[in-house]
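Structure data (compact mmCIF, C-alpha atoms) from work-v9.txt:
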```txt
# COMPACT_ATOMS: atom_id res chain seq x y z
CA MET A 30 0.00 0.00 0.00
CA ARG A 31 1.21 3.49 -0.78
CA GLU A 32 3.10 5.27 2.00
CA PHE A 33 1.86 8.79 2.65
CA PRO A 34 4.29 11.55 3.72
CA LYS A 35 4.51 12.02 7.47
CA THR A 36 7.44 14.38 8.11
CA VAL A 37 9.33 17.20 6.44
CA ALA A 38 12.02 14.71 5.38
CA ASP A 39 9.45 12.99 3.17
CA VAL A 40 8.65 16.11 1.11
CA MET A 41 11.66 18.42 1.37
CA ILE A 42 13.97 19.33 -1.52
CA PRO A 43 17.27 17.62 -0.56
CA ALA A 44 20.74 19.08 -1.20
CA PRO A 45 19.34 22.52 -2.05
CA VAL A 46 21.12 25.15 -4.10
CA THR A 47 22.37 28.06 -1.99
CA VAL A 48 23.31 31.65 -2.71
CA ARG A 49 25.66 33.95 -0.81
CA GLY A 50 24.22 36.99 0.88
CA SER A 51 26.75 39.10 -0.99
CA ALA A 52 25.62 37.79 -4.40
CA THR A 53 23.49 39.98 -6.61
CA VAL A 54 19.81 39.69 -7.46
CA GLY A 55 20.85 38.87 -11.03
CA GLU A 56 22.98 35.94 -9.86
CA ALA A 57 20.12 34.62 -7.71
CA ILE A 58 17.72 34.80 -10.67
CA ASP A 59 20.19 32.81 -12.79
CA LEU A 60 20.51 30.10 -10.11
CA ILE A 61 16.73 29.74 -9.71
CA ARG A 62 16.26 29.51 -13.48
CA ASP A 63 19.23 27.23 -14.22
CA TYR A 64 18.47 24.74 -11.42
CA ASP A 65 14.66 25.05 -11.63
CA GLN A 66 14.39 25.94 -7.94
CA ALA A 67 11.38 27.20 -5.96
CA GLY A 68 13.81 29.40 -4.04
CA LEU A 69 17.25 29.48 -2.49
CA ALA A 70 18.75 29.29 0.96
CA VAL A 71 20.85 32.37 1.67
CA VAL A 72 24.15 31.60 3.41
CA GLU A 73 26.97 33.50 5.03
CA GLY A 74 29.90 31.09 5.31
CA ASP A 75 28.48 27.89 6.83
CA ARG A 76 25.46 29.64 8.34
CA VAL A 77 21.97 29.85 6.83
CA VAL A 78 20.76 33.43 7.27
CA GLY A 79 17.56 33.43 5.22
CA VAL A 80 15.70 32.38 2.09
CA ILE A 81 14.88 34.08 -1.17
CA THR A 82 12.11 33.31 -3.67
CA PRO A 83 11.12 34.75 -7.05
CA ILE A 84 8.62 37.00 -5.23
CA HIS A 85 11.46 38.61 -3.25
CA LEU A 86 13.39 39.21 -6.48
CA LEU A 87 10.49 40.71 -8.39
CA ARG A 88 11.23 44.26 -9.65
CA GLN A 89 14.51 44.44 -7.74
CA PRO A 90 17.58 45.98 -9.42
CA LEU A 91 19.84 43.24 -10.75
CA TYR A 92 22.88 44.74 -8.98
CA ARG A 93 21.29 44.75 -5.51
CA ALA A 94 22.73 42.38 -2.87
CA VAL A 95 20.66 39.30 -2.04
CA ARG A 96 20.94 39.93 1.71
CA GLU A 97 19.06 43.21 1.23
CA VAL A 98 15.94 41.57 -0.22
CA ALA A 99 15.93 38.09 1.35
CA ALA A 100 13.64 36.99 4.20
CA THR A 101 16.00 36.74 7.16
CA ASP A 102 13.86 36.71 10.32
CA ILE A 103 12.73 33.09 9.95
CA SER A 104 12.45 29.93 12.01
CA PRO A 105 13.72 26.89 10.05
CA ALA A 106 12.11 23.47 9.94
CA ARG A 107 13.59 20.16 11.10
CA PRO A 108 13.53 17.01 8.95
CA ASP A 109 11.63 15.08 11.68
CA LEU A 110 8.92 17.75 12.01
CA PRO A 111 5.45 16.26 11.32
CA ILE A 112 3.67 17.63 8.25
CA GLY A 113 0.96 19.29 10.34
CA GLN A 114 3.48 21.25 12.37
CA ALA A 115 5.41 22.17 9.21
CA TYR A 116 2.24 23.72 7.81
CA ASP A 117 1.72 25.74 10.99
CA LEU A 118 5.37 26.85 10.95
CA LEU A 119 5.02 28.12 7.38
CA ALA A 120 1.63 29.70 8.02
CA ARG A 121 2.74 31.55 11.16
CA GLN A 122 5.62 33.11 9.24
CA ARG A 123 3.56 33.66 6.08
CA ALA A 124 6.35 31.89 4.26
CA ASP A 125 6.31 30.02 0.96
CA LEU A 126 9.72 28.47 1.61
CA LEU A 127 11.83 27.54 4.65
CA PRO A 128 15.26 25.98 5.10
CA VAL A 129 15.44 22.56 6.77
CA ILE A 130 18.20 22.38 9.36
CA GLU A 131 19.57 19.29 11.12
CA GLY A 132 22.01 20.22 13.84
CA ASN A 133 23.73 23.19 12.26
CA ARG A 134 23.65 21.74 8.74
CA LEU A 135 21.36 22.70 5.87
CA VAL A 136 19.78 19.48 4.58
CA GLY A 137 16.90 20.74 2.46
CA LEU A 138 14.18 23.24 1.65
CA ILE A 139 10.48 22.85 2.38
CA THR A 140 7.83 24.61 0.31
CA LEU A 141 4.27 25.51 1.24
CA THR A 142 3.08 23.84 -1.96
CA ALA A 143 4.67 20.51 -1.00
CA VAL A 144 3.22 20.65 2.52
CA LEU A 145 -0.27 21.48 1.25
CA GLU A 146 -0.10 18.59 -1.20
CA ALA A 147 1.02 16.25 1.60
CA ARG A 148 -1.81 17.41 3.86
CA SER A 149 -4.32 16.73 1.09
CA GLN A 150 -3.10 13.09 1.14
CA GLU A 151 -3.55 12.65 4.89
CA ARG A 152 -4.98 9.18 4.98
CA ASP A 153 -4.12 6.21 7.10
CA PRO A 154 -1.60 4.22 5.03
CA LEU A 155 -2.77 0.94 6.57
CA THR A 156 -6.48 1.20 5.68
CA GLY A 157 -6.61 4.03 3.15
CA LEU A 158 -9.25 5.74 5.29
CA PRO A 159 -9.04 9.45 6.12
CA TRP A 160 -8.01 10.50 9.61
CA SER A 161 -10.32 12.27 12.03
CA THR A 162 -9.52 15.75 10.70
CA ALA A 163 -11.50 14.93 7.55
CA LEU A 164 -14.41 13.69 9.65
CA ARG A 165 -14.44 16.88 11.72
CA ASN A 166 -14.43 19.07 8.61
CA TRP A 167 -17.17 16.96 6.98
CA ALA A 168 -19.37 17.13 10.09
CA MET A 169 -18.88 20.89 10.50
CA SER A 170 -19.78 21.47 6.86
CA ALA A 171 -22.96 19.41 7.29
CA LEU A 172 -23.96 21.39 10.39
CA GLU A 173 -23.29 24.66 8.56
CA ARG A 174 -25.73 23.51 5.87
CA GLY A 175 -28.38 23.01 8.55
CA GLN A 176 -28.19 19.21 8.58
CA GLU A 177 -28.17 17.16 11.74
CA VAL A 178 -25.13 14.95 12.41
CA ALA A 179 -24.72 11.80 14.44
CA ILE A 180 -21.35 10.30 15.41
CA LEU A 181 -20.76 6.56 15.74
CA PHE A 182 -17.55 5.72 17.60
CA ILE A 183 -16.29 2.17 17.10
CA ASP A 184 -13.84 0.57 19.54
CA LEU A 185 -12.70 -3.02 19.00
CA ASN A 186 -13.17 -5.67 21.69
CA ASN A 187 -10.22 -8.05 22.30
CA PHE A 188 -7.99 -6.41 19.67
CA ARG A 189 -5.19 -5.62 22.11
CA ILE A 190 -5.18 -9.22 23.38
CA VAL A 191 -4.83 -10.52 19.82
CA ASN A 192 -2.27 -7.89 18.85
CA LYS A 193 -0.12 -8.67 21.89
CA ALA A 194 -0.32 -12.44 21.47
CA LEU A 195 0.08 -12.71 17.70
CA GLY A 196 2.02 -9.56 16.85
CA HIS A 197 1.59 -6.42 14.77
CA VAL A 198 1.46 -8.18 11.41
CA VAL A 199 -1.70 -10.07 12.39
CA GLY A 200 -2.97 -6.95 14.16
CA ASP A 201 -2.56 -4.90 11.00
CA ASP A 202 -4.43 -7.53 8.99
CA ILE A 203 -7.32 -7.32 11.46
CA ILE A 204 -7.44 -3.52 11.28
CA ARG A 205 -7.53 -3.70 7.46
CA SER A 206 -10.28 -6.31 7.56
CA VAL A 207 -12.37 -4.30 10.00
CA ALA A 208 -11.95 -1.17 7.87
CA HIS A 209 -13.22 -3.12 4.85
CA MET A 210 -16.20 -4.46 6.82
CA LEU A 211 -17.14 -1.00 8.05
CA ALA A 212 -16.64 0.64 4.66
CA SER A 213 -18.99 -1.88 3.03
CA GLN A 214 -21.87 -0.42 5.10
CA MET A 215 -21.24 3.22 4.18
CA ASP A 216 -23.25 5.43 1.83
CA SER A 217 -21.03 8.23 0.53
CA ALA A 218 -24.06 10.52 0.23
CA THR A 219 -24.71 10.45 3.97
CA ASP A 220 -21.71 8.91 5.76
CA LEU A 221 -17.99 9.46 6.28
CA LEU A 222 -15.84 6.74 7.87
CA CYS A 223 -12.42 7.51 9.32
CA ARG A 224 -9.76 5.68 11.27
CA TYR A 225 -9.69 7.61 14.52
CA ALA A 226 -6.68 6.12 16.29
CA GLY A 227 -5.23 2.70 17.07
CA ASP A 228 -8.14 0.22 17.09
CA GLU A 229 -10.76 2.97 16.95
CA PHE A 230 -12.88 4.13 14.02
CA ALA A 231 -15.55 6.82 13.76
CA VAL A 232 -18.45 7.55 11.43
CA ALA A 233 -20.17 10.89 10.89
CA THR A 234 -23.58 10.57 9.31
CA THR A 235 -26.46 12.83 8.31
CA ARG A 236 -28.95 9.96 8.33
CA PRO A 237 -32.10 10.48 10.41
CA SER A 238 -31.72 9.29 13.99
CA GLU A 239 -33.45 5.94 13.55
CA ASP A 240 -31.52 5.21 10.34
CA ALA A 241 -28.27 6.06 12.14
CA ARG A 242 -29.19 3.63 14.89
CA GLY A 243 -29.83 1.00 12.24
CA LEU A 244 -26.40 1.70 10.75
CA ALA A 245 -24.81 1.24 14.19
CA GLN A 246 -26.48 -2.16 14.50
CA ARG A 247 -25.32 -3.22 11.04
CA LEU A 248 -21.75 -2.18 11.86
CA ARG A 249 -21.94 -4.11 15.11
CA ASP A 250 -23.20 -7.21 13.24
CA ALA A 251 -20.60 -6.87 10.47
CA VAL A 252 -17.53 -6.88 12.73
CA SER A 253 -16.96 -10.35 14.07
CA LEU A 254 -13.55 -11.90 13.44
CA PRO A 255 -12.63 -15.24 15.05
CA VAL A 256 -8.95 -15.51 15.98
CA GLU A 257 -7.27 -18.55 17.54
CA ILE A 258 -4.70 -17.88 20.27
CA HIS A 259 -2.88 -20.92 21.67
CA GLY A 260 -5.81 -23.17 20.85
CA VAL A 261 -8.41 -20.83 22.31
CA GLU A 262 -10.77 -18.86 20.07
CA GLU A 263 -11.07 -15.14 20.70
CA ARG A 264 -13.43 -12.99 18.70
CA VAL A 265 -12.73 -9.39 17.68
CA THR A 266 -16.02 -7.49 17.79
CA ALA A 267 -17.14 -3.86 17.89
CA ALA A 268 -18.34 -1.74 20.79
CA ILE A 269 -20.16 1.30 19.43
CA GLY A 270 -21.02 4.61 21.04
CA PHE A 271 -23.71 6.75 19.43
CA ALA A 272 -24.29 10.48 19.96
CA GLY A 273 -26.34 13.16 18.22
CA GLY A 274 -28.83 12.82 15.43
CA ARG A 275 -31.31 15.20 16.98
CA ARG A 276 -31.15 18.80 18.09
CA VAL A 277 -31.67 19.45 21.77
CA GLU A 278 -31.06 23.21 21.67
CA PRO A 279 -30.72 26.00 19.07
CA ARG A 280 -27.38 25.95 17.30
CA THR A 281 -25.43 28.95 16.03
CA ALA A 282 -22.51 29.01 13.62
CA ALA A 283 -20.12 29.93 16.45
CA HIS A 284 -21.00 26.69 18.26
CA ILE A 285 -20.50 24.31 15.35
CA ALA A 286 -16.91 23.30 16.16
CA SER A 287 -17.84 22.80 19.81
CA THR A 288 -20.84 20.70 18.77
CA VAL A 289 -18.69 18.32 16.71
CA GLU A 290 -16.17 17.89 19.53
CA ASP A 291 -18.99 17.34 22.02
CA LEU A 292 -20.52 14.63 19.81
CA LEU A 293 -17.15 12.89 19.39
CA THR A 294 -16.54 12.97 23.14
CA LEU A 295 -20.00 11.63 23.95
CA ALA A 296 -19.78 8.89 21.31
CA SER A 297 -16.31 7.89 22.51
CA ARG A 298 -17.53 7.59 26.08
CA GLY A 299 -20.52 5.68 24.82
CA SER A 300 -18.21 3.14 23.18
CA THR A 301 -16.34 2.75 26.47
CA LEU A 302 -19.63 2.09 28.28
CA ALA A 303 -20.64 -0.38 25.56
CA LYS A 304 -17.32 -2.18 25.93
CA GLU A 305 -17.46 -2.35 29.72
CA SER A 306 -21.13 -3.32 29.95
CA GLY A 307 -21.13 -5.78 27.06
CA ARG A 308 -24.19 -4.06 25.60
CA GLY A 309 -22.60 -3.63 22.18
CA ILE A 310 -24.17 -0.25 21.36
CA VAL A 311 -24.73 2.66 23.75
CA HIS A 312 -26.47 5.93 22.90
CA HIS A 313 -24.77 8.53 25.07
CA SER A 314 -26.30 11.98 25.50
CA ARG A 315 -25.34 15.18 27.28
CA ARG A 316 -28.09 14.56 29.83
CA GLU A 317 -26.63 11.14 30.68
CA GLU A 318 -23.18 12.69 30.91
CA ASP A 319 -24.42 15.33 33.36
CA ASP A 320 -26.28 12.71 35.41
CA ALA A 321 -23.14 10.58 35.63
CA ALA A 322 -21.09 13.58 36.73
CA ALA A 323 -23.65 14.37 39.43
CA ASP A 324 -23.20 10.89 40.89
CA SER A 325 -19.67 11.70 41.98
CA ASP A 326 -17.87 14.88 42.94
CA SER A 327 -15.21 14.40 40.30
CA GLY A 328 -17.35 13.05 37.47
CA GLN A 329 -15.09 10.01 37.12
CA ARG A 330 -15.09 6.48 38.47
CA PRO A 331 -13.74 6.12 42.00
CA ASP A 332 -10.96 3.81 40.82
CA GLU A 333 -9.79 6.11 38.00
CA VAL A 334 -6.51 7.91 38.49
CA ARG A 335 -6.19 11.04 36.37
CA LEU A 336 -3.87 13.98 36.10
CA ARG A 337 -5.65 17.25 36.83
CA LEU A 338 -4.70 20.49 35.12
CA VAL A 339 -3.85 23.18 37.67
CA ARG A 340 -2.78 25.95 35.32
CA ALA A 341 -1.47 26.66 31.85
CA SER A 342 -0.01 30.05 31.04
CA VAL A 343 2.36 31.80 28.66
CA SER A 344 4.59 34.73 29.54
CA ARG A 345 6.59 36.88 27.16
CA ASP A 346 9.70 39.03 27.53
CA VAL A 347 12.53 40.28 25.33
CA GLN A 348 14.15 36.83 25.35
CA GLY A 349 11.06 35.10 23.96
CA SER A 350 8.02 33.23 25.28
CA THR A 351 7.74 30.66 28.07
CA ALA A 352 4.84 28.27 28.66
CA VAL A 353 4.27 26.83 32.12
CA VAL A 354 1.89 23.94 32.75
CA GLU A 355 1.17 22.51 36.19
CA LEU A 356 -0.57 19.18 36.72
CA ALA A 357 -1.75 17.62 39.99
CA LEU A 358 -1.65 13.93 40.85
CA ARG A 359 -2.76 12.68 44.27
CA GLY A 360 -1.87 15.90 46.03
CA ARG A 361 1.48 16.31 44.25
CA THR A 362 2.04 19.05 41.66
CA VAL A 363 4.42 18.71 38.72
CA ARG A 364 5.48 21.45 36.35
CA GLY A 365 6.47 21.45 32.71
CA THR A 366 8.04 24.41 30.91
CA ALA A 367 8.92 25.21 27.31
CA SER A 368 10.62 28.33 25.99
CA ALA A 369 11.34 29.64 22.51
CA ARG A 370 11.31 32.70 20.35
CA ILE A 371 8.05 32.39 18.49
CA LEU A 372 6.38 34.31 15.71
CA GLY A 373 2.67 34.89 15.23
CA HIS A 374 0.37 32.43 17.00
CA GLY A 375 2.96 29.89 18.11
CA ALA A 376 2.21 29.95 21.84
CA PRO A 377 -0.17 26.93 21.77
CA PHE A 378 2.67 24.71 20.56
CA LEU A 379 4.77 25.77 23.56
CA VAL A 380 1.84 24.93 25.84
CA ALA A 381 1.58 21.48 24.25
CA GLN A 382 5.30 20.89 24.74
CA ALA A 383 5.12 22.01 28.38
CA THR A 384 2.14 19.73 28.98
CA LEU A 385 3.99 16.69 27.62
CA GLN A 386 6.97 17.56 29.82
CA ALA A 387 4.75 17.76 32.92
CA ILE A 388 3.26 14.36 32.06
CA ASP A 389 6.81 12.96 31.80
CA GLN A 390 7.55 14.13 35.32
CA ALA A 391 4.29 12.82 36.78
CA ILE A 392 4.86 9.32 35.40
CA GLY A 393 8.59 9.03 34.77
CA GLU A 394 9.70 9.93 38.28
CA ASN A 395 7.74 7.01 39.70
CA GLN A 396 8.12 4.37 37.02
CA GLY A 397 11.57 4.89 35.60
CA TYR A 398 10.34 5.50 32.07
CA LEU A 399 8.80 8.36 30.15
CA LEU A 400 5.45 8.08 28.42
CA SER A 401 5.11 11.17 26.27
CA PRO A 402 8.51 11.30 24.47
CA GLY A 403 7.14 8.30 22.59
CA TYR A 404 4.49 10.63 21.15
CA LEU A 405 5.05 13.66 18.97
CA LEU A 406 2.57 16.47 18.42
CA ASP A 407 1.50 15.84 14.84
CA ASP A 408 -1.20 18.50 14.57
CA LEU A 409 -2.89 21.10 16.73
CA THR A 410 -6.02 22.95 15.67
CA LEU A 411 -7.72 25.76 17.56
CA THR A 412 -11.21 26.90 16.63
CA PRO A 413 -12.58 29.93 18.53
CA SER A 414 -16.29 30.33 19.21
CA GLU A 415 -18.22 33.05 21.02
CA GLN A 416 -17.22 31.92 24.50
CA ASP A 417 -14.74 29.03 24.19
CA THR A 418 -11.84 27.86 22.09
CA VAL A 419 -11.96 24.26 20.87
CA ALA A 420 -8.53 22.60 20.72
CA VAL A 421 -7.90 19.34 18.85
CA ALA A 422 -4.52 17.67 19.40
CA VAL A 423 -3.20 14.79 17.31
CA LEU A 424 -0.26 12.84 18.76
CA ILE A 425 1.71 10.27 16.80
CA SER A 426 3.82 7.49 18.26
CA ALA A 427 7.49 7.71 17.34
CA ALA A 428 7.71 3.92 17.63
CA ASP A 429 4.85 2.65 15.47
CA SER A 430 3.03 5.72 14.07
CA GLU A 431 -0.05 5.07 16.22
CA ARG A 432 -2.21 8.19 16.36
CA LEU A 433 -4.01 9.47 19.44
CA VAL A 434 -6.55 12.27 19.19
CA GLY A 435 -7.86 14.47 21.99
CA SER A 436 -10.06 17.52 22.14
CA ALA A 437 -11.19 20.02 24.75
CA SER A 438 -12.80 23.43 25.00
CA ALA A 439 -12.20 26.28 27.43
CA PRO A 440 -12.44 30.09 27.46
CA ASP A 441 -8.63 30.23 27.72
CA PRO A 442 -7.01 28.67 24.61
CA HIS A 443 -3.92 27.62 26.58
CA ILE A 444 -6.06 25.62 28.98
CA ALA A 445 -7.93 24.09 26.03
CA VAL A 446 -4.61 22.94 24.52
CA SER A 447 -3.40 21.29 27.74
CA ARG A 448 -6.71 19.55 28.24
CA ALA A 449 -6.68 18.31 24.64
CA ILE A 450 -3.22 16.76 25.17
CA LEU A 451 -4.45 15.07 28.35
CA SER A 452 -7.57 13.89 26.52
CA ALA A 453 -5.45 12.30 23.77
CA LEU A 454 -3.34 10.41 26.31
CA ASN A 455 -6.08 9.63 28.84
CA ARG A 456 -6.30 5.91 28.21
CA ARG A 457 -2.53 5.45 28.19
CA LEU A 458 -2.22 7.64 31.29
CA GLY A 459 -4.90 5.70 33.16
CA LYS A 460 -2.95 2.44 32.82
CA ALA A 461 0.39 4.03 33.72
CA LEU A 462 -0.95 6.09 36.61
CA ALA A 463 -2.73 3.10 38.15
CA THR A 464 0.69 1.78 39.20
CA VAL A 465 2.12 5.08 40.43
CA SER A 466 2.52 4.99 44.16
```

Let me see whether you can do it: turn the structure in this file into structure tokens.
Amino acid sequence: MREFPKTVADVMIPAPVTVRGSATVGEAIDLIRDYDQAGLAVVEGDRVVGVITPIHLLRQPLYRAVREVAATDISPARPDLPIGQAYDLLARQRADLLPVIEGNRLVGLITLTAVLEARSQERDPLTGLPWSTALRNWAMSALERGQEVAILFIDLNNFRIVNKALGHVVGDDIIRSVAHMLASQMDSATDLLCRYAGDEFAVATTRPSEDARGLAQRLRDAVSLPVEIHGVEERVTAAIGFAGGRRVEPRTAAHIASTVEDLLTLASRGSTLAKESGRGIVHHSRREEDDAAADSDSGQRPDEVRLRLVRASVSRDVQGSTAVVELALRGRTVRGTASARILGHGAPFLVAQATLQAIDQAIGENQGYLLSPGYLLDDLTLTPSEQDTVAVAVLISAADSERLVGSASAPDPHIAVSRAILSALNRRLGKALATVS
């Protein structure tokens, strides 16, 4: 199956042509034309000091020095930077071209065109299904057209047992088979199926509520894979959470992004309830969520151990920006910090980095290993509404490219980002934190 680009290294222009800052505009034009380049890295000795593109050279005197017209106040990309972050880096700097630096060495150039093309191909290479970003955009577009949307969240029963016992090759075959089974039940006019993360899938549908419930039942019936482990048959089946399909309150355009995230959260929790109760399909509503929260002071099960966000803030001075995130665990507070010189709206990425660092401290100090360095921030999206900001964080495993997705909303965007990171890692954190003394 075709491999889709994941990092800057996959789409960058390697061994790029460079131009000295002291060279003339005429010489730069000749290099771009002769080598068919989208632009050039500008160097002074062994140091990259900027980039220059045909736009920078337009209508400039041919005798003028390159350093006088080049873009010099730039933040370069790294070859291991995920495509989503590369797009944000380019967008924040309003750049069409950036140098790619590894250590202190120029290894390539990245163009906005290449990144946009890569983002348009963002599909799971294992199943060929789109990732959850496509589902979110599809659902928001449907809501904007005045249609009602239901979300079906599918979590596989017994997959982790099979995957652990028989290995990733068999596990990958199962995921592909399940994707095919689910896709066979879809109607492209009303449904969009995505691979959400790991052994999770999600469907957005504009079918009427009863039809959507019928679809959930057909999906449940379709997924049933017998697998033999050491002479014992296990069966991979689907637990499905269902949310939405009917309007319970007036909806405005400003609330659309929040509505989609709310439906995904409710459906995800519904799938967890379906899995734990053995009911197969659970319709989970906001009313049921509120009732469950009222049953306990914390809104979580008594045996759950969770990190609690204490604060997330960003300060700025002449040296740059610093994000500080504090998390609480059983009366103990841990702090993560991240500092950098950032341009435009880069603060949320610092908050995400600080949050991952705080998680490291909360778990690593007690267990001798770090959880979050195994996950990179692949994408971070913030959508403001009238009162809240909705943050969606996508983490990708450095080891096996597993994707975890989390979302949260809050009036403060920095708090929304931290909560989204925690949401993405919640299931992994729950298992790790259960053993923290």

* **10 Å contact set for range 231-233 of chain A, only C-alpha atoms, chain neighbours under 2 positions out, as a VMD selection string** => chain A and resid 160 to 161 164 to 165 167 to 168 171 178 to 184 211 to 212 215 219 to 226 229 235 to 236 241 244 to 245 269 to 274 289 292 to 293 296 to 297

* **Counting all atoms listed in the file, the residue of A:Ser342, A:Gln122, A:Ser217, A:Ser104 that sits nearest Thr234 in chain A** =>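 Checking each of A:Ser342, A:Gln122, A:Ser217, A:Ser104 against Thr234 in chain A, counting all atoms listed in the file, the winner is A:Ser217.
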
* To do: Measuring atom to atom with only C-alpha atoms, identify which of A:Ala391, A:Ala120, A:Ile203, A:Leu185 is nearest to Phe230 in chain A.
  => A:Leu185

* Find, counting all atoms listed in the file, the residue in A:Ala376, A:Met169, A:Ala286, A:Ala143 that gets nearest to Asp417 in chain A. => A:Ala286

* Compile the contact shell of range 196-201 of chain A as a list in words: residues with an atom at most 12 Å away, counting all atoms listed in the file, same-chain residues fewer than 3 positions apart removed. => Asp153, Pro154, Leu155, Thr156, Leu185, Asn187, Phe188, Arg189, Ile190, Val191, Asn192, Lys193, Ile204, Arg205, Ser206, Val207, Ala208, Gly227, Asp228, Leu254, Val256, Glu257, Ile258, Val265, Asp429 and Glu431 of chain A

* Non-local contacts of range 86-92 of chain A (6 Å; all atoms listed in the file; under 2 positions in same chain excluded) as an NGL selection string -> :A and (53-55 or 83-84)

Could the residues in this selection be saved with C-alpha atoms as a PDB file, in the coordinates of the input?
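Wrote it out as selection38.pdb, contents follow:
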```pdb
ATOM      1  CA  THR A  53      23.490  39.980  -6.610  1.00  0.00           C
ATOM      2  CA  VAL A  54      19.810  39.690  -7.460  1.00  0.00           C
ATOM      3  CA  GLY A  55      20.850  38.870 -11.030  1.00  0.00           C
ATOM      4  CA  PRO A  83      11.120  34.750  -7.050  1.00  0.00           C
ATOM      5  CA  ILE A  84       8.620  37.000  -5.230  1.00  0.00           C
TER       6      ILE A  84
END
```

* Could you work out how far CA of Thr140 in chain A lies from CA of Thr351 in chain A, giving the answer in Å with one decimal? -> 28.4 Å

* How far is it from CA of Arg359 in chain A to CA of Ile450 in chain A, in Å with one decimal? ->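 According to the coordinates, CA of Arg359 in chain A and CA of Ile450 in chain A are separated by 19.5 Å.
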
* To do: Please measure the separation of CA of Ala387 in chain A and CA of Ala106 in chain A, giving the value in Å to one decimal.
  => 24.8 Å

* **From A:Gly375, A:Ile61, A:Ala267, A:Ala218, residue lying nearest Thr301 in chain A [all atoms listed in the file]** =>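 Of all the options, A:Ala267 lies closest to Thr301 in chain A.
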
Take the point (13.6, 36.1, 2.2) as written in the file and pick out every residue within 12 Å of it, counting only C-alpha atoms; give the list as a PDB file with C-alpha atoms, in the frame of the given file.
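After the write, out04.pdb holds the following:
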```pdb
ATOM      1  CA  VAL A  48      23.310  31.650  -2.710  1.00  0.00           C
ATOM      2  CA  GLY A  50      24.220  36.990   0.880  1.00  0.00           C
ATOM      3  CA  ALA A  57      20.120  34.620  -7.710  1.00  0.00           C
ATOM      4  CA  GLY A  68      13.810  29.400  -4.040  1.00  0.00           C
ATOM      5  CA  LEU A  69      17.250  29.480  -2.490  1.00  0.00           C
ATOM      6  CA  ALA A  70      18.750  29.290   0.960  1.00  0.00           C
ATOM      7  CA  VAL A  71      20.850  32.370   1.670  1.00  0.00           C
ATOM      8  CA  VAL A  72      24.150  31.600   3.410  1.00  0.00           C
ATOM      9  CA  VAL A  77      21.970  29.850   6.830  1.00  0.00           C
ATOM     10  CA  VAL A  78      20.760  33.430   7.270  1.00  0.00           C
ATOM     11  CA  GLY A  79      17.560  33.430   5.220  1.00  0.00           C
ATOM     12  CA  VAL A  80      15.700  32.380   2.090  1.00  0.00           C
ATOM     13  CA  ILE A  81      14.880  34.080  -1.170  1.00  0.00           C
ATOM     14  CA  THR A  82      12.110  33.310  -3.670  1.00  0.00           C
ATOM     15  CA  PRO A  83      11.120  34.750  -7.050  1.00  0.00           C
ATOM     16  CA  ILE A  84       8.620  37.000  -5.230  1.00  0.00           C
ATOM     17  CA  HIS A  85      11.460  38.610  -3.250  1.00  0.00           C
ATOM     18  CA  LEU A  86      13.390  39.210  -6.480  1.00  0.00           C
ATOM     19  CA  LEU A  87      10.490  40.710  -8.390  1.00  0.00           C
ATOM     20  CA  VAL A  95      20.660  39.300  -2.040  1.00  0.00           C
ATOM     21  CA  ARG A  96      20.940  39.930   1.710  1.00  0.00           C
ATOM     22  CA  GLU A  97      19.060  43.210   1.230  1.00  0.00           C
ATOM     23  CA  VAL A  98      15.940  41.570  -0.220  1.00  0.00           C
ATOM     24  CA  ALA A  99      15.930  38.090   1.350  1.00  0.00           C
ATOM     25  CA  ALA A 100      13.640  36.990   4.200  1.00  0.00           C
ATOM     26  CA  THR A 101      16.000  36.740   7.160  1.00  0.00           C
ATOM     27  CA  ASP A 102      13.860  36.710  10.320  1.00  0.00           C
ATOM     28  CA  ILE A 103      12.730  33.090   9.950  1.00  0.00           C
ATOM     29  CA  SER A 104      12.450  29.930  12.010  1.00  0.00           C
ATOM     30  CA  GLN A 122       5.620  33.110   9.240  1.00  0.00           C
ATOM     31  CA  ARG A 123       3.560  33.660   6.080  1.00  0.00           C
ATOM     32  CA  ALA A 124       6.350  31.890   4.260  1.00  0.00           C
ATOM     33  CA  ASP A 125       6.310  30.020   0.960  1.00  0.00           C
ATOM     34  CA  LEU A 126       9.720  28.470   1.610  1.00  0.00           C
ATOM     35  CA  LEU A 127      11.830  27.540   4.650  1.00  0.00           C
ATOM     36  CA  PRO A 128      15.260  25.980   5.100  1.00  0.00           C
TER      37      PRO A 128
END
```

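Considering all atoms listed in the file, the residue among A:Arg242, A:Pro111, A:Ser368, A:Lys304 positioned nearest to Arg345 in chain A is A:Ser368.
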
* If we count all atoms listed in the file, what is near Asp109 in chain A at a cut-off of 7 Å, once residues fewer than 4 positions away on the same chain are taken out, given as a PyMOL selection string? -> chain A and resi 36-38

* Selected residue, from A:Asp63, A:Asn455, A:Arg308, A:Gly260, that lies nearest to Arg337 in chain A when counting all atoms listed in the file ->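 That would be A:Asn455, the residue with the smallest distance to Arg337 in chain A.
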
Enclose the full set of atoms of range 250-257 of chain A listed in the file within a box whose edges lie along x, y and z, apply 6 Å of padding to each of the six sides, and report centre and edge lengths in Å to one decimal as JSON.
```
{"center_x": -15.2, "center_y": -12.7, "center_z": 14.0, "size_x": 27.9, "size_y": 23.7, "size_z": 19.1}
```
